[in-house]
$ cat model_38.tsv   # TSV, C-alpha atoms and all ligand atoms
chain	number	residue	atom	x	y	z
A	1	MET	CA	90.93	137.84	105.24
A	2	SER	CA	88.75	134.82	104.46
A	3	VAL	CA	89.73	131.42	105.82
A	4	LYS	CA	89.36	128.57	103.33
A	5	GLN	CA	87.46	125.71	104.92
A	6	ASN	CA	88.54	122.10	104.40
A	7	PRO	CA	86.11	120.78	101.72
A	8	LEU	CA	85.75	117.54	103.74
A	9	ARG	CA	84.26	119.56	106.60
A	10	LYS	CA	80.83	119.19	104.94
A	11	TYR	CA	80.83	115.52	106.06
A	12	ILE	CA	81.32	116.39	109.75
A	13	ARG	CA	78.27	116.29	112.00
A	14	ASP	CA	77.33	119.79	113.13
A	15	GLY	CA	77.93	120.58	116.78
A	16	ASN	CA	80.21	117.65	117.60
A	17	LEU	CA	83.54	119.45	117.37
A	18	PRO	CA	86.01	119.89	118.98
A	19	HIS	CA	86.90	116.20	118.88
A	20	PHE	CA	88.14	114.34	121.93
A	21	PHE	CA	91.31	112.76	120.48
A	22	CYS	CA	94.62	113.46	122.23
A	23	SER	CA	97.15	115.68	120.56
A	24	GLY	CA	99.17	113.61	118.07
A	25	CYS	CA	96.67	110.70	117.91
A	26	GLY	CA	96.27	109.09	114.47
A	27	CYS	CA	92.47	108.72	114.68
A	28	GLY	CA	91.99	112.16	113.09
A	29	GLN	CA	94.20	111.12	110.18
A	30	VAL	CA	92.18	107.95	109.65
A	31	LEU	CA	88.93	109.94	109.78
A	32	ASN	CA	90.41	112.22	107.14
A	33	TYR	CA	91.45	109.27	104.91
A	34	PHE	CA	87.93	107.86	105.11
A	35	LEU	CA	86.33	111.19	104.16
A	36	LYS	CA	88.77	111.65	101.28
A	37	ALA	CA	87.81	108.20	99.99
A	38	VAL	CA	84.08	108.97	100.31
A	39	ASP	CA	84.58	112.29	98.53
A	40	ASP	CA	86.69	110.80	95.71
A	41	LEU	CA	84.02	108.15	95.13
A	42	ASP	CA	81.25	110.77	95.29
A	43	MET	CA	79.32	108.56	97.70
A	44	ASN	CA	75.98	109.52	99.11
A	45	LEU	CA	76.26	109.67	102.92
A	46	ASP	CA	72.59	108.69	103.22
A	47	GLU	CA	73.55	105.22	102.01
A	48	ILE	CA	76.33	104.73	104.56
A	49	VAL	CA	75.93	103.56	108.16
A	50	THR	CA	79.01	103.92	110.34
A	51	ILE	CA	79.45	101.89	113.52
A	52	GLY	CA	81.79	102.21	116.48
A	53	GLY	CA	81.96	100.10	119.65
A	54	VAL	CA	83.83	101.67	122.56
A	55	GLY	CA	87.35	103.05	122.41
A	56	CYS	CA	89.18	106.02	120.93
A	57	THR	CA	88.89	104.64	117.38
A	58	ALA	CA	85.28	103.67	117.96
A	59	ARG	CA	84.52	107.34	118.47
A	60	ILE	CA	85.37	108.28	114.87
A	61	PRO	CA	81.78	107.72	113.59
A	62	VAL	CA	80.45	110.17	116.19
A	63	TYR	CA	81.91	113.00	114.11
A	64	LEU	CA	80.46	111.84	110.79
A	65	SER	CA	77.28	113.03	109.16
A	66	THR	CA	76.18	109.48	108.40
A	67	ASP	CA	73.63	107.37	110.23
A	68	THR	CA	75.77	106.22	113.11
A	69	PHE	CA	75.62	103.52	115.76
A	70	HIS	CA	77.91	104.05	118.74
A	71	GLY	CA	77.30	101.17	121.08
A	72	VAL	CA	79.20	98.78	123.33
A	73	HIS	CA	82.70	97.39	123.24
A	74	GLY	CA	83.33	94.52	120.81
A	75	ARG	CA	79.86	94.10	119.34
A	76	THR	CA	80.14	96.13	116.15
A	77	LEU	CA	79.87	93.11	113.84
A	78	ALA	CA	76.71	91.88	115.56
A	79	TRP	CA	74.98	95.18	114.73
A	80	ALA	CA	76.51	95.24	111.28
A	81	THR	CA	75.08	91.76	110.62
A	82	GLY	CA	71.60	92.88	111.68
A	83	ILE	CA	71.73	96.03	109.59
A	84	LYS	CA	73.03	94.20	106.51
A	85	LEU	CA	70.41	91.46	106.72
A	86	TYR	CA	67.60	93.98	107.08
A	87	LYS	CA	68.84	96.51	104.51
A	88	PRO	CA	71.52	94.90	102.32
A	89	GLU	CA	71.62	97.98	100.07
A	90	LEU	CA	73.28	100.04	102.83
A	91	LYS	CA	77.05	100.38	102.96
A	92	VAL	CA	78.10	99.49	106.51
A	93	VAL	CA	81.47	100.75	107.74
A	94	ILE	CA	82.94	99.84	111.13
A	95	PHE	CA	85.69	101.79	112.87
A	96	ALA	CA	87.38	99.57	115.44
A	97	GLY	CA	90.42	99.60	117.67
A	98	ASP	CA	92.50	96.43	117.87
A	99	GLY	CA	91.04	95.62	121.31
A	100	ASP	CA	87.49	96.16	120.14
A	101	LEU	CA	87.93	94.02	117.03
A	102	VAL	CA	90.14	91.11	118.07
A	103	SER	CA	90.05	90.95	121.85
A	104	ILE	CA	86.48	91.25	123.14
A	105	GLY	CA	85.11	91.24	119.57
A	106	GLY	CA	87.32	88.42	118.28
A	107	ASN	CA	84.64	85.81	117.88
A	108	HIS	CA	82.31	88.11	115.94
A	109	PHE	CA	85.21	89.11	113.72
A	110	LEU	CA	86.10	85.50	112.93
A	111	HIS	CA	82.60	84.45	111.97
A	112	ALA	CA	81.71	87.58	110.02
A	113	MET	CA	84.76	86.92	107.85
A	114	ARG	CA	83.94	83.23	107.53
A	115	ARG	CA	80.51	84.26	106.22
A	116	ASN	CA	81.93	87.00	103.99
A	117	LEU	CA	79.53	89.53	105.46
A	118	ASP	CA	79.40	92.53	103.12
A	119	VAL	CA	80.89	95.19	105.42
A	120	THR	CA	84.01	97.34	105.58
A	121	VAL	CA	86.13	97.34	108.72
A	122	ILE	CA	88.63	100.14	109.21
A	123	LEU	CA	90.92	99.00	112.00
A	124	VAL	CA	93.13	101.47	113.82
A	125	ASN	CA	95.91	99.41	115.36
A	126	ASN	CA	97.69	101.44	118.06
A	127	PHE	CA	99.10	98.32	119.81
A	128	ASN	CA	97.23	98.87	123.07
A	129	PHE	CA	93.88	99.52	124.74
A	130	ALA	CA	94.23	103.28	124.52
A	131	MET	CA	90.99	104.69	125.85
A	132	THR	CA	91.28	102.87	129.16
A	133	GLY	CA	94.86	103.96	129.78
A	134	GLY	CA	97.26	101.72	127.87
A	135	GLN	CA	96.65	98.09	128.82
A	136	VAL	CA	98.18	95.14	126.94
A	137	ALA	CA	96.25	94.14	123.79
A	138	PRO	CA	96.44	91.17	121.39
A	139	THR	CA	98.52	93.39	119.08
A	140	THR	CA	101.09	94.37	121.71
A	141	LEU	CA	104.54	93.05	120.78
A	142	PHE	CA	106.18	90.34	122.91
A	143	ASP	CA	108.15	91.83	125.82
A	144	SER	CA	106.50	95.25	125.47
A	145	ILE	CA	105.90	97.20	128.63
A	146	THR	CA	102.34	98.43	129.02
A	147	MET	CA	100.29	99.69	131.94
A	148	THR	CA	99.35	96.08	132.82
A	149	THR	CA	102.62	94.38	131.85
A	150	PRO	CA	105.28	96.31	133.80
A	151	TYR	CA	107.80	93.47	133.28
A	152	GLY	CA	107.02	93.11	129.56
A	153	SER	CA	104.22	91.16	127.89
A	154	LYS	CA	104.87	87.44	127.59
A	155	GLU	CA	102.12	86.91	125.00
A	156	ASN	CA	102.73	86.66	121.27
A	157	CYS	CA	101.31	89.42	119.12
A	158	LEU	CA	98.48	88.64	116.70
A	159	ASP	CA	98.83	89.43	112.99
A	160	ILE	CA	95.26	90.54	112.25
A	161	CYS	CA	95.68	90.59	108.47
A	162	LYS	CA	96.95	87.00	108.45
A	163	LEU	CA	93.99	85.99	110.60
A	164	ALA	CA	91.62	87.76	108.19
A	165	GLU	CA	93.19	86.06	105.20
A	166	THR	CA	92.80	82.63	106.82
A	167	ALA	CA	89.27	83.25	108.07
A	168	GLY	CA	87.92	84.20	104.64
A	169	ALA	CA	87.91	88.00	104.34
A	170	THR	CA	87.84	88.95	100.66
A	171	TYR	CA	89.69	92.28	100.81
A	172	VAL	CA	92.59	92.72	103.24
A	173	SER	CA	95.27	95.40	103.41
A	174	ARG	CA	97.53	97.04	105.98
A	175	TRP	CA	99.15	100.48	105.98
A	176	ASN	CA	100.28	103.03	108.55
A	177	THR	CA	99.44	106.70	109.12
A	178	ASP	CA	102.64	107.61	107.25
A	179	LYS	CA	101.04	106.21	104.07
A	180	PRO	CA	98.07	108.51	103.40
A	181	MET	CA	97.66	107.85	99.67
A	182	GLN	CA	97.88	104.08	100.06
A	183	SER	CA	95.43	104.21	102.97
A	184	VAL	CA	92.91	106.30	100.99
A	185	ASN	CA	93.24	104.04	97.95
A	186	SER	CA	92.69	100.93	100.05
A	187	ILE	CA	89.66	102.46	101.77
A	188	LYS	CA	88.27	103.29	98.33
A	189	LYS	CA	88.76	99.70	97.19
A	190	ALA	CA	87.19	98.42	100.41
A	191	LEU	CA	84.16	100.69	100.01
A	192	GLN	CA	83.65	99.47	96.45
A	193	HIS	CA	84.17	95.84	97.41
A	194	LYS	CA	81.32	93.35	97.76
A	195	GLY	CA	82.16	91.17	100.74
A	196	PHE	CA	84.18	91.47	103.94
A	197	SER	CA	86.85	94.13	103.59
A	198	LEU	CA	89.47	94.97	106.19
A	199	VAL	CA	91.82	97.94	106.07
A	200	GLU	CA	94.24	97.96	108.99
A	201	ILE	CA	96.01	101.25	109.62
A	202	MET	CA	98.79	101.17	112.21
A	203	SER	CA	98.63	104.40	114.11
A	204	GLN	CA	100.54	106.33	116.74
A	205	CYS	CA	99.20	106.63	120.29
A	206	PRO	CA	101.73	108.90	121.99
A	207	THR	CA	99.67	109.27	125.16
A	208	ASN	CA	99.57	105.62	126.22
A	209	PHE	CA	101.48	103.30	123.91
A	210	GLY	CA	104.26	105.85	123.49
A	211	ARG	CA	104.45	106.67	127.16
A	212	TYR	CA	104.56	103.05	128.43
A	213	SER	CA	106.15	101.01	125.66
A	214	LEU	CA	108.49	103.50	124.01
A	215	LYS	CA	109.06	105.79	126.99
A	216	THR	CA	108.15	108.85	124.97
A	217	GLY	CA	105.07	110.98	124.41
A	218	ASP	CA	106.60	112.45	121.26
A	219	THR	CA	104.26	111.80	118.31
A	220	LYS	CA	107.04	111.77	115.73
A	221	LYS	CA	109.11	109.25	117.69
A	222	VAL	CA	106.12	106.92	118.01
A	223	LEU	CA	105.34	107.23	114.30
A	224	ASP	CA	109.03	106.67	113.45
A	225	TRP	CA	108.89	103.45	115.47
A	226	ILE	CA	105.93	102.25	113.38
A	227	VAL	CA	107.58	103.30	110.11
A	228	ASP	CA	110.85	101.57	111.04
A	229	LYS	CA	108.97	98.34	111.70
A	230	SER	CA	106.88	98.52	108.50
A	231	VAL	CA	108.15	96.41	105.60
A	232	PRO	CA	106.54	96.55	102.13
A	233	LYS	CA	105.12	93.22	100.99
A	234	ALA	CA	107.54	92.84	98.04
A	235	LYS	CA	110.56	93.33	100.33
A	236	ALA	CA	109.10	91.01	102.98
A	237	GLU	CA	108.82	88.20	100.45
A	238	LYS	CA	112.64	88.11	100.24
A	239	MET	CA	113.15	88.19	104.04
A	240	SER	CA	113.39	85.28	106.47
A	241	ASN	CA	110.73	84.62	109.11
A	242	GLU	CA	113.34	85.45	111.74
A	243	ASP	CA	114.02	88.89	110.25
A	244	LEU	CA	110.29	89.52	109.99
A	245	ALA	CA	109.58	88.48	113.58
A	246	ASP	CA	109.09	91.98	115.01
A	247	LYS	CA	108.13	93.70	111.73
A	248	PHE	CA	104.75	94.60	110.23
A	249	VAL	CA	104.28	93.78	106.56
A	250	ILE	CA	102.35	96.51	104.73
A	251	GLY	CA	100.48	96.22	101.45
A	252	GLU	CA	97.44	94.58	99.93
A	253	PHE	CA	97.13	90.90	100.83
A	254	VAL	CA	93.74	89.73	99.53
A	255	HIS	CA	91.43	91.02	96.82
A	256	THR	CA	89.06	88.35	95.65
A	257	GLU	CA	85.37	87.62	95.12
A	258	LYS	CA	83.15	85.13	96.92
A	259	PRO	CA	79.39	84.92	97.54
A	260	VAL	CA	78.34	87.21	100.37
A	261	PHE	CA	76.24	86.27	103.40
A	262	LEU	CA	72.61	87.32	103.27
A	263	GLY	CA	71.19	85.09	106.02
A	264	THR	CA	68.46	82.60	105.26
A	265	THR	CA	65.63	85.06	104.74
A	266	VAL	CA	65.96	88.64	103.62
A	267	TYR	CA	62.89	90.75	104.22
A	268	ASN	CA	62.36	93.60	101.89
A	269	GLN	CA	60.41	96.41	103.54
A	270	ASP	CA	58.00	96.56	100.57
A	271	GLU	CA	57.10	92.90	101.03
A	272	LYS	CA	56.00	93.30	104.67
A	301	LIG	C1	82.16	95.24	127.79
A	301	LIG	C2	83.23	96.25	128.07
A	301	LIG	N1	84.44	95.83	128.51
A	301	LIG	C3	85.42	96.71	128.72
A	301	LIG	C4	85.19	98.05	128.55
A	301	LIG	C5	86.27	99.03	128.87
A	301	LIG	N2	86.90	99.55	127.67
A	301	LIG	C6	86.47	100.70	127.10
A	301	LIG	S1	87.41	101.14	125.80
A	301	LIG	C7	88.41	99.79	126.02
A	301	LIG	C8	89.63	99.54	125.17
A	301	LIG	C9	89.61	100.13	123.83
A	301	LIG	O1	90.75	99.70	123.16
A	301	LIG	P1	90.73	99.52	121.60
A	301	LIG	O2	89.51	98.82	121.18
A	301	LIG	O3	92.03	98.94	121.18
A	301	LIG	O4	90.57	101.01	121.06
A	301	LIG	P2	91.48	102.29	121.22
A	301	LIG	O5	90.94	103.04	122.41
A	301	LIG	O6	92.88	101.81	121.41
A	301	LIG	O7	91.28	103.02	119.93
A	301	LIG	C10	87.98	99.00	127.07
A	301	LIG	C11	88.65	97.77	127.51
A	301	LIG	C12	83.91	98.45	128.10
A	301	LIG	N3	83.62	99.74	127.87
A	301	LIG	N4	82.95	97.54	127.88

$ encode --input "model_38.tsv" --output "structure tokens"
Amino acid sequence: MSVKQNPLRKYIRDGNLPHFFCSGCGCGQVLNYFLKAVDDLDMNLDEIVTIGGVGCTARIPVYLSTDTFHGVHGRTLAWATGIKLYKPELKVVIFAGDGDLVSIGGNHFLHAMRRNLDVTVILVNNFNFAMTGGQVAPTTLFDSITMTTPYGSKENCLDICKLAETAGATYVSRWNTDKPMQSVNSIKKALQHKGFSLVEIMSQCPTNFGRYSLKTGDTKKVLDWIVDKSVPKAKAEKMSNEDLADKFVIGEFVHTEKPVFLGTTVYNQDEK
């Protein structure tokens, strides 16, 4: 009996499987959505550079057959800026966890959006610092119990899409791992977009977020929690701020055009 191989397998870097994600983690789903988008758009992997900092999400590029930069925590946009200024023709895609992007990497994130740097950021928001064992993150909900907030977090949770909208990102959307088609479509739009694009995908982390905050390691229960809290944009527009306080609005928030940042001098290799 022959086993039919997943056609997206051709984009996976030889020799790097099995992956290191925990059972039930959403990072594999997000990797799959990205590859589906690349395949649908018939993109040439030689023209894509993928970047990850440090974290579970940041490890996604390690499995891809693209040129890949896997570096240090929170500095993905600094490398992306360098790569884009040197070779603007490359498509640069960052995979970042919420801690990587808006905690240690927050300042880079803010200024890359302000400049409208031409990169795509795929953010996996699992509401905690997962790789290091489930510490509180800027996306952790108020009063949530985490490994470092045993009495509940007393910090307000950051809405990353709202921040992106305010800071000047030109494509912004948010989905969850229960919305595969919407996620793939948004990644496709982001990859075709000229300017700073952000696709946030809320994702289940049963191992740490589930265990500490929801008192369950059951993947379905963690995903159900995310789905229950997700409100489509059209419905949210009719709800009060109070009712939306602990909800996550999903949908497309920004899709616009603005000049992109190319630095002051762009060297073309032929001109050197
Ligand atoms: C400069 C630096 N600070 C802290 C760490 C420790 N560290 C490694 S991964 C991580 C958290 C990752 O969380 P997040 O970015 O949300 O990604 P996730 O693992 O949840 O996907 C931290 C704090 C590090 N490796 N380098």

$ residues_around --input "model_38.tsv" --residues "His73 (chain A)" --least-positions-apart "4" --cutoff "8 Å" --atoms "all atoms listed in the file" --output "list in words"
Gly53, Val54, Gly55, Asp100, Ile104 and Gly105 of chain A

$ residues_near_ligand --input "model_38.tsv" --ligand "ligand LIG 301 (chain A)" --cutoff "8 Å" --atoms "all atoms listed in the file" --output "PyMOL selection string"
chain A and resi 27+53-58+72-74+96-101+103-104+124-132+134+137

$ write_last_selection --input "model_38.tsv" --atoms "C-alpha atoms" --output "CSV table (one decimal), in the coordinates of the input"
chain,number,residue,atom,x,y,z
A,27,CYS,CA,92.5,108.7,114.7
A,53,GLY,CA,82.0,100.1,119.6
A,54,VAL,CA,83.8,101.7,122.6
A,55,GLY,CA,87.4,103.0,122.4
A,56,CYS,CA,89.2,106.0,120.9
A,57,THR,CA,88.9,104.6,117.4
A,58,ALA,CA,85.3,103.7,118.0
A,72,VAL,CA,79.2,98.8,123.3
A,73,HIS,CA,82.7,97.4,123.2
A,74,GLY,CA,83.3,94.5,120.8
A,96,ALA,CA,87.4,99.6,115.4
A,97,GLY,CA,90.4,99.6,117.7
A,98,ASP,CA,92.5,96.4,117.9
A,99,GLY,CA,91.0,95.6,121.3
A,100,ASP,CA,87.5,96.2,120.1
A,101,LEU,CA,87.9,94.0,117.0
A,103,SER,CA,90.0,91.0,121.8
A,104,ILE,CA,86.5,91.2,123.1
A,124,VAL,CA,93.1,101.5,113.8
A,125,ASN,CA,95.9,99.4,115.4
A,126,ASN,CA,97.7,101.4,118.1
A,127,PHE,CA,99.1,98.3,119.8
A,128,ASN,CA,97.2,98.9,123.1
A,129,PHE,CA,93.9,99.5,124.7
A,130,ALA,CA,94.2,103.3,124.5
A,131,MET,CA,91.0,104.7,125.8
A,132,THR,CA,91.3,102.9,129.2
A,134,GLY,CA,97.3,101.7,127.9
A,137,ALA,CA,96.2,94.1,123.8

$ atom_distance --input "model_38.tsv" --atom1 "CA of Lys189 (chain A)" --atom2 "CA of Gly24 (chain A)"
27.2 Å

$ atom_distance --input "model_38.tsv" --atom1 "CA of Phe109 (chain A)" --atom2 "CA of Ala164 (chain A)"
8.6 Å

$ closest_residue --input "model_38.tsv" --among "A:Thr207, A:Ser197, A:Ser144, A:Ser186" --to "Met113 (chain A)" --atoms "only C-alpha atoms"
A:Ser197

$ closest_residue --input "model_38.tsv" --among "A:Asn107, A:Tyr11, A:Ser213, A:Glu89" --to "Ser65 (chain A)" --atoms "all atoms listed in the file"
A:Tyr11

$ closest_residue --input "model_38.tsv" --among "A:Leu214, A:Tyr151, A:Glu165, A:Gly133" --to "Arg114 (chain A)" --atoms "all atoms listed in the file"
A:Glu165
